[in-house]
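Quick look at structure20.txt (compact mmCIF, C-alpha atoms and all ligand atoms):
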```txt
# COMPACT_ATOMS: atom_id res chain seq x y z
CA MET A 1 -106.70 -165.78 -39.38
CA ARG A 2 -107.01 -168.86 -37.27
CA GLY A 3 -105.03 -169.04 -34.08
CA ASN A 4 -105.22 -172.77 -33.65
CA THR A 5 -101.57 -173.57 -34.15
CA THR A 6 -98.54 -172.31 -32.36
CA VAL A 7 -95.80 -171.84 -34.86
CA LYS A 8 -92.63 -173.11 -33.28
CA ASP A 9 -90.37 -172.72 -36.24
CA ALA A 10 -90.85 -170.64 -39.27
CA ILE A 11 -88.63 -169.49 -42.06
CA MET A 12 -88.86 -166.08 -43.59
CA ILE A 13 -88.69 -166.19 -47.36
CA THR A 14 -88.00 -162.80 -48.82
CA ASP A 15 -88.07 -163.80 -52.46
CA PHE A 16 -90.61 -166.52 -52.96
CA THR A 17 -90.80 -166.59 -56.73
CA TYR A 18 -93.73 -167.83 -58.66
CA TYR A 19 -94.23 -167.78 -62.41
CA CYS A 20 -97.80 -167.26 -63.41
CA TYR A 21 -99.03 -170.29 -65.32
CA ARG A 22 -101.35 -168.13 -67.35
CA CYS A 23 -99.10 -165.36 -68.59
CA GLY A 24 -95.67 -166.49 -67.40
CA GLY A 25 -95.20 -163.31 -65.43
CA LYS A 26 -92.76 -163.44 -62.57
CA ASN A 27 -94.10 -162.67 -59.15
CA SER A 28 -92.23 -162.60 -55.93
CA LEU A 29 -93.31 -161.91 -52.42
CA ASP A 30 -92.13 -161.98 -48.86
CA VAL A 31 -93.74 -164.66 -46.84
CA GLU A 32 -93.22 -166.33 -43.52
CA ILE A 33 -93.48 -170.08 -43.89
CA PRO A 34 -93.99 -172.34 -40.90
CA ASN A 35 -92.04 -175.57 -40.83
CA ALA A 36 -93.85 -178.80 -41.60
CA PRO A 37 -96.16 -180.25 -40.43
CA ASP A 38 -97.58 -176.77 -40.30
CA CYS A 39 -98.21 -175.03 -43.56
CA ARG A 40 -99.39 -171.77 -44.92
CA HIS A 41 -102.02 -170.99 -47.48
CA GLN A 42 -101.08 -168.03 -49.54
CA GLU A 43 -103.01 -166.32 -52.25
CA ILE A 44 -100.90 -164.85 -55.01
CA THR A 45 -102.26 -162.36 -57.46
CA CYS A 46 -100.23 -162.05 -60.63
CA SER A 47 -98.92 -158.53 -61.02
CA SER A 48 -99.11 -158.79 -64.81
CA CYS A 49 -102.48 -160.33 -65.56
CA GLY A 50 -104.27 -160.21 -62.21
CA ASP A 51 -104.89 -163.95 -62.18
CA SER A 52 -104.87 -165.33 -58.69
CA THR A 53 -103.54 -168.64 -57.51
CA ARG A 54 -103.45 -170.33 -54.17
CA VAL A 55 -100.31 -171.99 -52.98
CA LEU A 56 -99.61 -174.14 -50.01
CA LEU A 57 -96.19 -173.56 -48.48
CA ALA A 58 -94.27 -175.48 -45.87
CA GLY A 59 -90.73 -175.17 -44.57
CA CYS A 60 -88.49 -178.22 -44.45
CA PRO A 61 -87.79 -179.19 -40.84
CA GLU A 62 -84.30 -180.34 -41.84
CA CYS A 63 -82.96 -177.36 -43.74
CA GLU A 64 -83.73 -173.81 -44.74
CA LYS A 65 -85.56 -174.76 -47.90
CA TYR A 66 -89.24 -174.99 -48.47
CA VAL A 67 -91.68 -176.80 -50.67
CA TYR A 68 -94.87 -175.57 -52.17
CA TRP A 69 -97.85 -176.81 -54.04
CA ILE A 70 -99.95 -174.89 -56.49
CA ASN A 71 -103.30 -175.21 -54.90
CA ASP A 72 -105.74 -174.50 -57.69
CA LEU A 73 -107.63 -177.59 -56.70
CA ASN A 74 -108.13 -175.93 -53.37
CA ILE A 75 -106.89 -178.73 -51.17
CA PRO A 76 -108.77 -177.57 -48.05
CA ASN A 77 -112.02 -177.95 -49.97
CA LEU A 78 -110.96 -181.39 -51.17
CA VAL A 79 -110.13 -182.38 -47.64
CA ASN A 80 -113.42 -181.02 -46.50
CA GLY A 81 -115.21 -183.11 -49.13
CA PHE A 82 -113.18 -186.13 -48.11
CA ALA A 83 -114.05 -185.57 -44.46
CA LYS A 84 -117.73 -185.30 -45.29
CA TYR A 85 -117.52 -188.52 -47.24
CA MET A 86 -115.78 -190.24 -44.33
CA VAL A 87 -118.30 -188.98 -41.84
CA HIS A 88 -121.13 -190.06 -44.10
CA SER A 89 -119.78 -193.60 -44.52
CA MET A 90 -119.06 -193.84 -40.84
CA GLN A 91 -122.58 -192.76 -40.06
CA THR A 92 -123.87 -195.55 -42.26
CA MET A 93 -121.67 -198.01 -40.38
CA ILE A 94 -122.75 -196.62 -37.05
CA ASP A 95 -126.43 -196.86 -38.00
CA ARG A 96 -125.95 -200.43 -39.16
CA ALA A 97 -124.13 -201.34 -35.97
CA ALA A 98 -126.88 -199.73 -33.93
CA GLN A 99 -129.49 -201.86 -35.67
CA GLN A 100 -127.50 -204.93 -34.73
CA GLY A 101 -127.17 -203.78 -31.17
CA ALA A 102 -123.44 -203.38 -31.53
CA ARG A 103 -121.50 -200.50 -30.16
CA ILE A 104 -118.60 -199.06 -32.04
CA SER A 105 -116.46 -196.06 -31.57
CA ILE A 106 -114.61 -194.36 -34.33
CA ASP A 107 -111.93 -191.78 -34.21
CA THR A 108 -112.50 -189.21 -36.86
CA PRO A 109 -109.20 -188.19 -38.38
CA GLU A 110 -108.41 -184.59 -37.60
CA LYS A 111 -105.50 -184.24 -39.90
CA TYR A 112 -104.92 -185.09 -43.48
CA PRO A 113 -101.25 -185.63 -44.32
CA ILE A 114 -99.69 -184.58 -47.59
CA LYS A 115 -96.30 -186.11 -48.22
CA ALA A 116 -93.46 -184.00 -49.46
CA THR A 117 -89.83 -184.45 -50.37
CA CYS A 118 -87.51 -181.51 -49.93
CA PRO A 119 -84.73 -180.78 -52.44
CA CYS A 120 -82.34 -181.69 -49.57
CA GLY A 121 -83.79 -185.21 -49.53
CA ALA A 122 -85.75 -184.92 -46.31
CA ARG A 123 -89.16 -186.48 -46.40
CA PHE A 124 -91.90 -185.07 -44.29
CA ALA A 125 -95.61 -184.57 -44.29
CA VAL A 126 -97.68 -181.48 -44.08
CA GLU A 127 -100.82 -181.92 -42.07
CA LEU A 128 -103.96 -180.20 -43.08
CA ILE A 129 -106.41 -179.79 -40.28
CA ILE A 130 -109.72 -181.30 -41.20
CA PRO A 131 -112.48 -179.02 -40.03
CA ASP A 132 -114.69 -180.32 -37.29
CA LEU A 133 -117.90 -181.35 -38.96
CA ALA A 134 -119.77 -182.32 -35.87
ZN ZN B 1 -100.19 -163.70 -64.90
ZN ZN B 2 -84.79 -179.77 -46.66
```
Any chance you could put this one into structure tokens?
Amino acid sequence: MRGNTTVKDAIMITDFTYYCYRCGGKNSLDVEIPNAPDCRHQEITCSSCGDSTRVLLAGCPECEKYVYWINDLNIPNLVNGFAKYMVHSMQTMIDRAAQQGARISIDTPEKYPIKATCPCGARFAVELIIPDLA
């Protein structure tokens, strides 16, 4: 557990339902979901076939609903890869600038937004924290 965010608002979902994409089995669980831009990573293990799936959950700041993404791509890892790529290209730029005697400063993004639209019509973004690679 990381204690880096203070959850101001969270919704308690007592029947988050997920149908296993492998066997179609119905799974439900109780989960506390922080409102966007915070989000929660939840691992679900299918009670029928034991297959596990990661989901990313975020509460809508406008209503009591929530959105979720099936996270089999493992978004945090993608973001991590993206951040490494960014840092690598920036380093190339920085090295080049240094050779030319120039001085540049770059703000490394700390958050990676994922856009979402709630069933109520609200649009918001969930921000994934990009790990500090320094
Ligand atoms: Zn299953
Ligand atoms: Zn909503």
Which chain A residues have any atom within 6 Å of an atom of ligand ZN 2 (chain B), and for each, what is the nearest pair of atoms with distance in Å to one decimal, counting all atoms listed in the file, rows sorted by chain and number, as a tab-separated table?
```
residue	atom	partner	partner_atom	distance
A:Cys60	CA	B:ZN2	ZN	4.6
A:Glu62	CA	B:ZN2	ZN	4.9
A:Cys63	CA	B:ZN2	ZN	4.2
A:Lys65	CA	B:ZN2	ZN	5.2
A:Cys118	CA	B:ZN2	ZN	4.6
A:Pro119	CA	B:ZN2	ZN	5.9
A:Cys120	CA	B:ZN2	ZN	4.3
A:Ala122	CA	B:ZN2	ZN	5.3
```
One-decimal distance in Å that lies between atom CA of A:Asp9 and atom CA of A:Leu29: 19.7 Å
Shell of 7 Å around A:Lys111, only C-alpha atoms, local chain residues under 6 positions omitted, as a list in words: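 Neighbouring residues, sequence-local ones excluded: Glu127, Leu128, Ile129 and Ile130 of chain A.
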Compile a residue-level contact table for chain A against ligand ZN 1 (chain B) at a cut-off of 9 Å, reporting for every qualifying residue the shortest atom pair and its distance in Å to one decimal, with all atoms listed in the file counted, rows ordered by chain and ascending number, as a tab-separated table.
```
residue	atom	partner	partner_atom	distance
A:Tyr19	CA	B:ZN1	ZN	7.6
A:Cys20	CA	B:ZN1	ZN	4.5
A:Tyr21	CA	B:ZN1	ZN	6.7
A:Arg22	CA	B:ZN1	ZN	5.2
A:Cys23	CA	B:ZN1	ZN	4.2
A:Gly24	CA	B:ZN1	ZN	5.9
A:Gly25	CA	B:ZN1	ZN	5.0
A:Lys26	CA	B:ZN1	ZN	7.8
A:Asn27	CA	B:ZN1	ZN	8.4
A:Thr45	CA	B:ZN1	ZN	7.8
A:Cys46	CA	B:ZN1	ZN	4.6
A:Ser47	CA	B:ZN1	ZN	6.6
A:Ser48	CA	B:ZN1	ZN	5.0
A:Cys49	CA	B:ZN1	ZN	4.1
A:Gly50	CA	B:ZN1	ZN	6.0
A:Asp51	CA	B:ZN1	ZN	5.4
A:Ser52	CA	B:ZN1	ZN	7.9
```
Distance of atom CA of A:Glu32 from atom CA of A:Thr14, expressed in Å to one decimal place: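 Between atom CA of A:Thr14 and atom CA of A:Glu32 the gap is 8.2 Å.
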Length of the atom CA of A:Pro109 to atom CA of A:Ile33 vector [Å]: 24.6 Å
Best match for closeness to A:Phe16 among A:Lys84, A:Asn35, A:Val67, A:Met93, counting all atoms listed in the file: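 Of all the options, A:Val67 lies closest to A:Phe16.
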Selected residue of minimal separation from A:Val55 among A:Thr17, A:Ala125, A:Gly81, A:Ala98, counting only C-alpha atoms: A:Thr17
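For A:Val31, the non-local neighbours within 12 Å, defined as residues at least 6 positions apart in the same chain or in other chains and counting all atoms listed in the file, are Ala10, Ile11, Met12, Ile13, Thr14, Asp15, Phe16, Thr17, Cys39, Arg40, His41, Gln42, Glu43, Ile44, Val55, Leu56, Leu57, Ala58, Gly59 and Tyr66 of chain A.
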